[in-house]
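What follows is coords-v3.pdb (PDB, C-alpha atoms).
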```
ATOM      1  CA  MET A 394     -46.407 -15.382 -32.920
ATOM      2  CA  PRO A 395     -44.648 -17.996 -30.718
ATOM      3  CA  GLU A 396     -43.091 -16.821 -27.487
ATOM      4  CA  GLU A 397     -39.374 -16.100 -27.705
ATOM      5  CA  VAL A 398     -37.181 -18.989 -26.531
ATOM      6  CA  VAL A 399     -34.361 -17.816 -24.293
ATOM      7  CA  CYS A 400     -32.090 -19.253 -21.637
ATOM      8  CA  GLY A 401     -33.816 -19.135 -18.269
ATOM      9  CA  ALA A 402     -30.648 -17.965 -16.540
ATOM     10  CA  CYS A 403     -28.750 -15.622 -18.832
ATOM     11  CA  GLY A 404     -31.423 -14.645 -21.358
ATOM     12  CA  LYS A 405     -29.418 -15.780 -24.387
ATOM     13  CA  ASP A 406     -31.470 -16.843 -27.435
ATOM     14  CA  LEU A 407     -31.832 -20.610 -27.734
ATOM     15  CA  GLU A 408     -32.048 -22.686 -30.868
ATOM     16  CA  PRO A 409     -35.247 -24.769 -30.796
ATOM     17  CA  ALA A 410     -34.738 -28.443 -29.988
ATOM     18  CA  GLU A 411     -35.116 -30.741 -32.998
ATOM     19  CA  ARG A 412     -37.004 -33.271 -30.904
ATOM     20  CA  GLY A 413     -37.922 -34.062 -27.334
ATOM     21  CA  ARG A 414     -38.572 -31.501 -24.628
ATOM     22  CA  PRO A 415     -37.857 -27.844 -25.468
ATOM     23  CA  ARG A 416     -34.564 -26.461 -24.219
ATOM     24  CA  ARG A 417     -34.639 -24.162 -21.201
ATOM     25  CA  PHE A 418     -30.954 -23.387 -20.653
ATOM     26  CA  CYS A 419     -27.973 -22.826 -22.913
ATOM     27  CA  SER A 420     -25.529 -24.804 -20.739
ATOM     28  CA  SER A 421     -25.250 -26.973 -17.644
ATOM     29  CA  THR A 422     -23.715 -23.980 -15.847
ATOM     30  CA  CYS A 423     -26.831 -21.902 -16.468
ATOM     31  CA  ARG A 424     -29.035 -24.827 -15.437
ATOM     32  CA  THR A 425     -27.196 -25.100 -12.108
ATOM     33  CA  ARG A 426     -27.318 -21.350 -11.594
ATOM     34  CA  ALA A 427     -31.082 -21.308 -12.205
ATOM     35  CA  TYR A 428     -31.627 -24.223  -9.821
ATOM     36  CA  ARG A 429     -29.734 -22.478  -7.023
ATOM     37  CA  ALA A 430     -31.559 -19.207  -7.673
ATOM     38  CA  ARG A 431     -34.920 -20.977  -7.592
ATOM     39  CA  LYS A 432     -34.114 -22.687  -4.312
ATOM     40  CA  ALA A 433     -32.956 -19.406  -2.826
ATOM     41  CA  GLU A 434     -36.106 -17.621  -4.057
ATOM     42  CA  ASP A 435     -38.344 -20.329  -2.583
ATOM     43  CA  ALA A 436     -36.581 -19.977   0.759
ATOM     44  CA  THR A 437     -37.038 -16.224   0.636
ATOM     45  CA  GLU A 438     -40.759 -16.549  -0.131
ATOM     46  CA  THR A 439     -41.262 -18.993   2.751
ATOM     47  CA  SER A 440     -39.416 -16.912   5.290
ATOM     48  CA  SER A 441     -41.127 -13.656   4.277
ATOM     49  CA  THR A 442     -44.750 -14.792   4.353
ATOM     50  CA  GLU A 443     -45.516 -12.694   7.429
ATOM     51  CA  ASN A 444     -44.130  -9.619   5.642
ATOM     52  CA  ALA A 445     -45.999 -10.186   2.363
ATOM     53  CA  GLU A 446     -47.931  -6.926   2.537
ATOM     54  CA  ASN A 447     -44.764  -4.869   2.898
ATOM     55  CA  ALA A 448     -43.007  -6.924   0.240
ATOM     56  CA  GLU A 449     -45.539  -5.775  -2.349
ATOM     57  CA  ASN A 450     -44.136  -2.257  -2.120
ATOM     58  CA  ARG A 451     -40.493  -3.135  -2.730
ATOM     59  CA  VAL A 452     -38.355  -5.513  -4.799
ATOM     60  CA  PRO A 453     -36.327  -7.621  -2.351
ATOM     61  CA  ALA A 454     -33.626 -10.001  -3.531
ATOM     62  CA  ASP A 455     -32.161 -13.161  -2.118
ATOM     63  CA  GLU A 456     -28.490 -13.728  -1.338
ATOM     64  CA  SER A 457     -27.721 -14.519  -4.975
ATOM     65  CA  GLY A 458     -29.227 -11.198  -6.088
ATOM     66  CA  THR A 459     -32.319 -12.775  -7.648
ATOM     67  CA  PRO A 460     -35.297 -10.364  -7.362
ATOM     68  CA  HIS A 461     -38.407 -11.539  -5.578
ATOM     69  CA  LEU A 462     -41.077 -11.640  -8.297
ATOM     70  CA  THR A 463     -44.854 -11.646  -8.092
ATOM     71  CA  ALA A 464     -47.513 -11.444 -10.787
ATOM     72  CA  GLY A 465     -48.491  -8.016  -9.441
ATOM     73  CA  ARG A 466     -44.950  -6.657  -9.647
ATOM     74  CA  ILE A 467     -44.532  -8.006 -13.176
ATOM     75  CA  THR A 468     -47.856  -6.441 -14.164
ATOM     76  CA  GLN A 469     -46.866  -3.015 -12.851
ATOM     77  CA  ALA A 470     -43.549  -3.217 -14.713
ATOM     78  CA  GLY A 471     -45.445  -4.037 -17.907
ATOM     79  CA  ILE A 472     -47.769  -1.071 -17.409
ATOM     80  CA  ALA A 473     -44.793   1.259 -16.919
ATOM     81  CA  ILE A 474     -43.251   0.119 -20.208
ATOM     82  CA  ALA A 475     -46.525   0.356 -22.159
ATOM     83  CA  ASP A 476     -47.311   3.799 -20.724
ATOM     84  CA  ALA A 477     -43.923   5.161 -21.761
ATOM     85  CA  GLU A 478     -43.328   3.362 -25.054
ATOM     86  CA  GLY A 479     -46.511   1.598 -26.163
ATOM     87  CA  LEU A 480     -47.441  -2.071 -26.388
ATOM     88  CA  ASP A 481     -45.017  -2.631 -29.269
ATOM     89  CA  ALA A 482     -42.153  -2.160 -26.804
ATOM     90  CA  LEU A 483     -43.583  -4.719 -24.385
ATOM     91  CA  SER A 484     -42.048  -8.186 -24.214
ATOM     92  CA  MET A 485     -41.369 -10.678 -21.482
ATOM     93  CA  ARG A 486     -37.648 -10.145 -21.997
ATOM     94  CA  ARG A 487     -37.984  -6.356 -21.663
ATOM     95  CA  VAL A 488     -40.005  -6.685 -18.446
ATOM     96  CA  ALA A 489     -37.438  -9.125 -17.072
ATOM     97  CA  THR A 490     -34.640  -6.683 -17.879
ATOM     98  CA  ASP A 491     -36.410  -3.821 -16.109
ATOM     99  CA  LEU A 492     -36.957  -6.019 -13.052
ATOM    100  CA  GLY A 493     -33.384  -7.306 -13.057
ATOM    101  CA  ALA A 494     -34.563 -10.895 -13.522
ATOM    102  CA  SER A 495     -34.141 -13.606 -16.119
ATOM    103  CA  PRO A 496     -36.933 -13.948 -18.693
ATOM    104  CA  MET A 497     -37.626 -17.541 -17.658
ATOM    105  CA  ALA A 498     -38.196 -16.424 -14.056
ATOM    106  CA  LEU A 499     -41.198 -14.373 -15.196
ATOM    107  CA  TYR A 500     -42.908 -17.427 -16.664
ATOM    108  CA  ARG A 501     -43.224 -18.924 -13.190
ATOM    109  CA  HIS A 502     -45.717 -16.149 -12.419
ATOM    110  CA  VAL A 503     -47.166 -15.094 -15.806
ATOM    111  CA  ALA A 504     -47.625 -17.708 -18.528
ATOM    112  CA  SER A 505     -47.273 -15.490 -21.609
ATOM    113  CA  LYS A 506     -47.241 -11.958 -22.949
ATOM    114  CA  GLU A 507     -50.951 -12.293 -23.734
ATOM    115  CA  GLU A 508     -51.684 -13.124 -20.103
ATOM    116  CA  LEU A 509     -49.514 -10.215 -18.984
ATOM    117  CA  VAL A 510     -51.471  -7.760 -21.136
ATOM    118  CA  ALA A 511     -54.742  -9.140 -19.732
ATOM    119  CA  LEU A 512     -53.429  -8.589 -16.197
ATOM    120  CA  MET A 513     -52.360  -5.074 -17.149
ATOM    121  CA  VAL A 514     -55.866  -4.245 -18.399
ATOM    122  CA  GLU A 515     -57.406  -5.546 -15.178
ATOM    123  CA  ALA A 516     -54.956  -3.567 -13.034
ATOM    124  CA  ALA A 517     -55.440  -0.330 -14.999
ATOM    125  CA  LEU A 518     -59.240  -0.545 -14.807
ATOM    126  CA  THR A 519     -59.385  -1.415 -11.127
ATOM    127  CA  GLY A 520     -56.884   1.368 -10.454
ATOM    128  CA  ALA A 521     -59.315   3.953 -11.875
ATOM    129  CA  PRO A 522     -62.739   2.904 -10.567
ATOM    130  CA  LEU A 523     -65.952   4.742 -11.309
ATOM    131  CA  SER A 524     -67.498   6.642  -8.429
ATOM    132  CA  ASP A 525     -69.565   4.476  -6.099
ATOM    133  CA  THR A 526     -71.924   7.355  -5.239
ATOM    134  CA  PRO A 527     -75.204   7.425  -7.189
ATOM    135  CA  PRO A 528     -75.359  10.022  -9.987
ATOM    136  CA  ARG A 529     -77.886  12.856  -9.881
ATOM    137  CA  ASP A 530     -79.514  11.507 -13.054
ATOM    138  CA  TRP A 531     -78.646   9.464 -16.145
ATOM    139  CA  ARG A 532     -76.881  12.378 -17.835
ATOM    140  CA  HIS A 533     -74.664  13.044 -14.839
ATOM    141  CA  GLY A 534     -73.823   9.340 -14.665
ATOM    142  CA  LEU A 535     -72.733   9.182 -18.303
ATOM    143  CA  GLU A 536     -70.805  12.455 -18.071
ATOM    144  CA  ARG A 537     -68.928  11.107 -15.062
ATOM    145  CA  ALA A 538     -68.125   7.837 -16.834
ATOM    146  CA  ALA A 539     -67.008   9.659 -19.995
ATOM    147  CA  HIS A 540     -64.554  11.912 -18.166
ATOM    148  CA  ARG A 541     -63.182   8.965 -16.181
ATOM    149  CA  ASP A 542     -62.575   7.050 -19.432
ATOM    150  CA  TRP A 543     -61.026  10.115 -21.108
ATOM    151  CA  GLU A 544     -58.540  10.427 -18.237
ATOM    152  CA  LEU A 545     -57.878   6.675 -18.297
ATOM    153  CA  TYR A 546     -56.950   6.765 -22.002
ATOM    154  CA  HIS A 547     -54.612   9.688 -21.342
ATOM    155  CA  ARG A 548     -52.947   7.833 -18.479
ATOM    156  CA  HIS A 549     -52.726   4.500 -20.320
ATOM    157  CA  PRO A 550     -53.092   5.111 -24.082
ATOM    158  CA  TRP A 551     -52.284   1.466 -24.849
ATOM    159  CA  ILE A 552     -55.413   0.218 -23.058
ATOM    160  CA  LEU A 553     -57.816   1.627 -25.649
ATOM    161  CA  SER A 554     -57.104  -1.120 -28.182
ATOM    162  CA  LYS A 555     -57.922  -3.706 -25.497
ATOM    163  CA  VAL A 556     -61.284  -2.268 -24.413
ATOM    164  CA  LEU A 557     -62.732  -1.008 -27.701
ATOM    165  CA  VAL A 558     -66.415  -1.591 -28.336
ATOM    166  CA  THR A 559     -66.544  -4.865 -30.250
ATOM    167  CA  THR A 560     -69.029  -7.466 -31.420
ATOM    168  CA  ARG A 561     -66.988 -10.036 -29.507
ATOM    169  CA  THR A 562     -67.607 -10.515 -25.804
ATOM    170  CA  HIS A 563     -64.756  -9.359 -23.573
ATOM    171  CA  SER A 564     -63.605 -11.870 -20.977
ATOM    172  CA  SER A 565     -62.263  -9.212 -18.612
ATOM    173  CA  ARG A 566     -64.026  -9.218 -15.249
ATOM    174  CA  ALA A 567     -62.911  -5.662 -14.531
ATOM    175  CA  LEU A 568     -64.246  -4.432 -17.879
ATOM    176  CA  ALA A 569     -67.563  -6.230 -17.358
ATOM    177  CA  ALA A 570     -67.895  -4.686 -13.880
ATOM    178  CA  ASP A 571     -66.971  -1.297 -15.335
ATOM    179  CA  SER A 572     -69.660  -1.556 -18.019
ATOM    180  CA  GLU A 573     -72.206  -2.737 -15.458
ATOM    181  CA  SER A 574     -71.520   0.365 -13.387
ATOM    182  CA  THR A 575     -71.949   2.655 -16.403
ATOM    183  CA  PHE A 576     -75.247   0.990 -17.360
ATOM    184  CA  SER A 577     -76.530   1.786 -13.869
ATOM    185  CA  ALA A 578     -76.839   5.429 -14.996
ATOM    186  CA  PHE A 579     -80.105   4.361 -16.652
ATOM    187  CA  ASP A 580     -81.566   2.903 -13.447
ATOM    188  CA  GLY A 581     -85.061   4.124 -12.767
ATOM    189  CA  LEU A 582     -85.884   5.014 -16.383
ATOM    190  CA  GLY A 583     -87.581   1.708 -17.100
ATOM    191  CA  LEU A 584     -85.647   1.225 -20.341
ATOM    192  CA  ASP A 585     -85.837  -2.005 -22.283
ATOM    193  CA  PRO A 586     -82.430  -3.732 -22.363
ATOM    194  CA  ALA A 587     -82.259  -3.179 -26.137
ATOM    195  CA  ASP A 588     -82.748   0.574 -25.718
ATOM    196  CA  ALA A 589     -80.178   0.748 -22.917
ATOM    197  CA  PHE A 590     -77.714  -1.053 -25.203
ATOM    198  CA  ARG A 591     -78.467   1.311 -28.104
ATOM    199  CA  TYR A 592     -77.834   4.400 -25.989
ATOM    200  CA  MET A 593     -74.685   2.918 -24.463
ATOM    201  CA  PHE A 594     -73.362   1.993 -27.899
ATOM    202  CA  MET A 595     -73.785   5.605 -29.048
ATOM    203  CA  PHE A 596     -72.119   6.888 -25.910
ATOM    204  CA  ALA A 597     -69.154   4.484 -25.859
ATOM    205  CA  SER A 598     -68.534   4.790 -29.608
ATOM    206  CA  TYR A 599     -68.245   8.556 -29.273
ATOM    207  CA  VAL A 600     -65.910   8.495 -26.266
ATOM    208  CA  GLN A 601     -63.641   5.865 -27.773
ATOM    209  CA  GLY A 602     -63.752   7.472 -31.201
ATOM    210  CA  VAL A 603     -62.326  10.757 -29.920
ATOM    211  CA  ALA A 604     -59.876   8.798 -27.768
ATOM    212  CA  LEU A 605     -58.602   7.077 -30.929
ATOM    213  CA  THR A 606     -57.625  10.506 -32.247
ATOM    214  CA  TYR A 607     -55.677  11.205 -29.066
ATOM    215  CA  VAL A 608     -53.990   7.795 -29.008
ATOM    216  CA  SER A 609     -53.074   8.131 -32.697
ATOM    217  CA  ASP A 610     -51.408  11.461 -31.922
ATOM    218  CA  VAL A 611     -49.442   9.882 -29.082
ATOM    219  CA  GLU A 612     -48.198   7.127 -31.371
ATOM    220  CA  ALA A 613     -47.392   9.604 -34.136
ATOM    221  CA  GLU A 614     -45.244  11.595 -31.714
ATOM    222  CA  ARG A 615     -43.396   8.427 -30.732
ATOM    223  CA  GLN A 616     -42.795   7.600 -34.374
ATOM    224  CA  ALA A 617     -41.609  11.152 -35.064
ATOM    225  CA  ARG A 618     -39.005  10.856 -32.325
ATOM    226  CA  ARG A 619     -37.686   7.744 -34.055
ATOM    227  CA  THR A 620     -37.505   9.298 -37.520
ATOM    228  CA  SER A 621     -35.734  12.252 -39.083
ATOM    229  CA  LEU A 622     -37.026  15.811 -38.913
ATOM    230  CA  ARG A 623     -37.655  15.654 -42.657
ATOM    231  CA  THR A 624     -40.751  13.549 -41.991
ATOM    232  CA  ALA A 625     -42.173  16.126 -39.598
ATOM    233  CA  ASN A 626     -41.275  18.966 -41.968
ATOM    234  CA  GLY A 627     -43.056  17.171 -44.796
ATOM    235  CA  ALA A 628     -46.189  16.840 -42.701
ATOM    236  CA  ASP A 629     -46.065  20.556 -41.834
ATOM    237  CA  ALA A 630     -45.768  21.432 -45.521
ATOM    238  CA  ALA A 631     -48.789  19.298 -46.402
ATOM    239  CA  ARG A 632     -50.782  20.926 -43.620
ATOM    240  CA  SER A 633     -49.853  24.429 -44.801
ATOM    241  CA  SER A 634     -51.049  23.535 -48.289
ATOM    242  CA  LEU A 635     -54.341  22.253 -46.879
ATOM    243  CA  TYR A 636     -54.892  25.446 -44.894
ATOM    244  CA  ALA A 637     -53.930  27.814 -47.705
ATOM    245  CA  PRO A 638     -56.703  30.352 -48.359
ATOM    246  CA  GLY A 639     -58.840  29.324 -51.325
ATOM    247  CA  ALA A 640     -57.301  25.853 -51.671
ATOM    248  CA  TYR A 641     -60.328  24.174 -50.116
ATOM    249  CA  PRO A 642     -63.017  26.843 -49.629
ATOM    250  CA  ARG A 643     -65.036  24.793 -47.109
ATOM    251  CA  LEU A 644     -62.497  22.517 -45.458
ATOM    252  CA  GLY A 645     -59.723  25.095 -45.106
ATOM    253  CA  PRO A 646     -61.640  27.774 -43.173
ATOM    254  CA  ALA A 647     -63.277  25.154 -40.941
ATOM    255  CA  MET A 648     -59.941  23.577 -40.063
ATOM    256  CA  ARG A 649     -58.295  26.951 -39.443
ATOM    257  CA  ALA A 650     -61.171  28.036 -37.193
ATOM    258  CA  GLY A 651     -61.819  24.844 -35.260
ATOM    259  CA  ALA A 652     -58.640  22.801 -35.278
ATOM    260  CA  ASP A 653     -55.645  25.111 -35.496
ATOM    261  CA  PRO A 654     -54.347  24.230 -33.014
ATOM    262  CA  TRP A 655     -56.319  21.160 -32.008
ATOM    263  CA  ASP A 656     -57.899  21.312 -28.556
ATOM    264  CA  LEU A 657     -59.079  17.750 -28.090
ATOM    265  CA  ASP A 658     -60.226  18.339 -24.525
ATOM    266  CA  ALA A 659     -62.594  21.116 -25.605
ATOM    267  CA  LEU A 660     -63.767  19.172 -28.642
ATOM    268  CA  PHE A 661     -64.388  16.120 -26.470
ATOM    269  CA  VAL A 662     -66.559  18.060 -24.009
ATOM    270  CA  SER A 663     -68.510  19.764 -26.794
ATOM    271  CA  GLY A 664     -69.142  16.553 -28.709
ATOM    272  CA  LEU A 665     -70.134  14.677 -25.555
ATOM    273  CA  ALA A 666     -72.788  17.305 -24.846
ATOM    274  CA  GLY A 667     -74.172  16.782 -28.343
ATOM    275  CA  VAL A 668     -74.375  13.003 -27.903
ATOM    276  CA  LEU A 669     -76.135  13.343 -24.545
ATOM    277  CA  ASP A 670     -78.502  15.948 -26.013
ATOM    278  CA  GLY A 671     -79.405  13.406 -28.676
ATOM    279  CA  ILE A 672     -80.164  10.730 -26.071
ATOM    280  CA  ALA A 673     -82.214  13.242 -24.063
ATOM    281  CA  ALA A 674     -84.233  14.205 -27.139
ATOM    282  CA  ASP A 675     -84.946  10.564 -27.914
ATOM    283  CA  LEU A 676     -86.027   9.895 -24.333
ATOM    284  CA  ALA A 677     -88.306  12.940 -24.410
ATOM    285  CA  ARG A 678     -89.825  11.891 -27.732
ATOM    286  CA  ARG A 679     -90.713   8.556 -26.175
ATOM    287  CA  GLY A 680     -92.008  10.131 -22.963
ATOM    288  CA  ILE A 681     -89.254   8.645 -20.774
ATOM    289  CA  GLY A 682     -87.439  10.395 -17.952
TER     290      GLY A 682
END
```

What is this file in structure tokens?
Amino acid sequence: MPEEVVCGACGKDLEPAERGRPRRFCSSTCRTRAYRARKAEDATETSSTENAENAENRVPADESGTPHLTAGRITQAGIAIADAEGLDALSMRRVATDLGASPMALYRHVASKEELVALMVEAALTGAPLSDTPPRDWRHGLERAAHRDWELYHRHPWILSKVLVTTRTHSSRALAADSESTFSAFDGLGLDPADAFRYMFMFASYVQGVALTYVSDVEAERQARRTSLRTANGADAARSSLYAPGAYPRLGPAMRAGADPWDLDALFVSGLAGVLDGIAADLARRGIG
């Protein structure tokens, strides 16, 4: 999808130019206003260099009321929107509105929505680093990484779709460093790289698989808030039918006993133990560890 084309000063939608350079402003008045704001912002940035560290913790404005923007501030605003409403609610225009700036002003710091999301992933991962103390053993290292990831997906549900295990190589430096740290749990076992990958694939697929259930529930709740109660009531009726005694003699009792209500935290811990038990059994069978 092409990026939305809006006036760099007032945010009004612009008709695409039939030829020549793309339009940036809806009128000469907006062009002049943007020029003055840019000059004022440049002056503010120059004069506040010595206070840059303090400036990161606030949103100053110049005399014209234009907010002082940085890529970091834009990234944090994007994370706040995605955390509260999901990635579907994220747009350059929405971030600009929340920051009190014009959409075009954001593009001086972040080139596109895709770049913004990449910056958000980096910031979220570096904001929740794995422990830098060595684990007691490989199992402790994987347990620690699993619980960190579980908390990360609760804090930023939107990030899961951007860090899922995939056959394509991720370009994120923070994600690569994160994976490198998790692989270090196997240090000292003398594993072949292929075996380390196989175990890590099992581990990561489990953690992210359960996280998908959680993230799906979060999105379903958002959707429910945007729809009528009849939708929720219909789902409750279908669930009652599923759980009715005798309707499904195997599925029904299992669901009533183990998932009514769902306790994803407990299920996550129990399933993780099973995955790690499986890795331990395979290591023991091969005389490793």

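Nearest-residue note for Thr559 in chain A: choosing from A:Gln601, A:Ser495, A:Thr620, A:Thr519, the minimum distance belongs to A:Gln601, counting all atoms listed in the file.
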
Translate the PyMOL selection byres ((chain A and resi 469-478) around 10), as applied to the file shown, into an explicit residue set as JSON, numbers by chain. {"A": [464, 465, 466, 467, 468, 479, 480, 481, 482, 483, 484, 485, 487, 488, 489, 491, 492, 506, 509, 510, 512, 513, 514, 516, 517, 547, 548, 549, 550, 551, 552, 611, 612, 615]}

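Atom to atom, CA of Gly534 in chain A and CA of Ala604 in chain A stand 19.1 Å apart.
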
Figure out the distance between CA of Ala538 in chain A and CA of Val600 in chain A, please, to one decimal in Å.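 Computed distance, CA of Val600 in chain A to CA of Ala538 in chain A, equals 9.7 Å.
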
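Minimum atom-to-atom distance to Thr575 in chain A, evaluated using only C-alpha atoms, belongs to A:Ser524 out of A:Ser663, A:Ser609, A:Thr463, A:Ser524.
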
Near-Ala666 in chain A list (12 Å; all atoms listed in the file; drop same-chain fewer than 3 positions) as a VMD selection string: chain A and resid 532 to 533 535 to 536 539 to 540 596 599 to 600 659 to 663 669 to 673

Given all atoms listed in the file as the basis, pick out the residue of A:Trp531, A:Ala617, A:Gly520, A:Leu462 nearest to Ala498 in chain A.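 Among the listed residues, the smallest separation from Ala498 in chain A belongs to A:Leu462.
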
So how far away is CA of Phe579 in chain A from CA of Met593 in chain A, in Å?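 Straight-line distance from CA of Met593 in chain A to CA of Phe579 in chain A works out to 9.6 Å.
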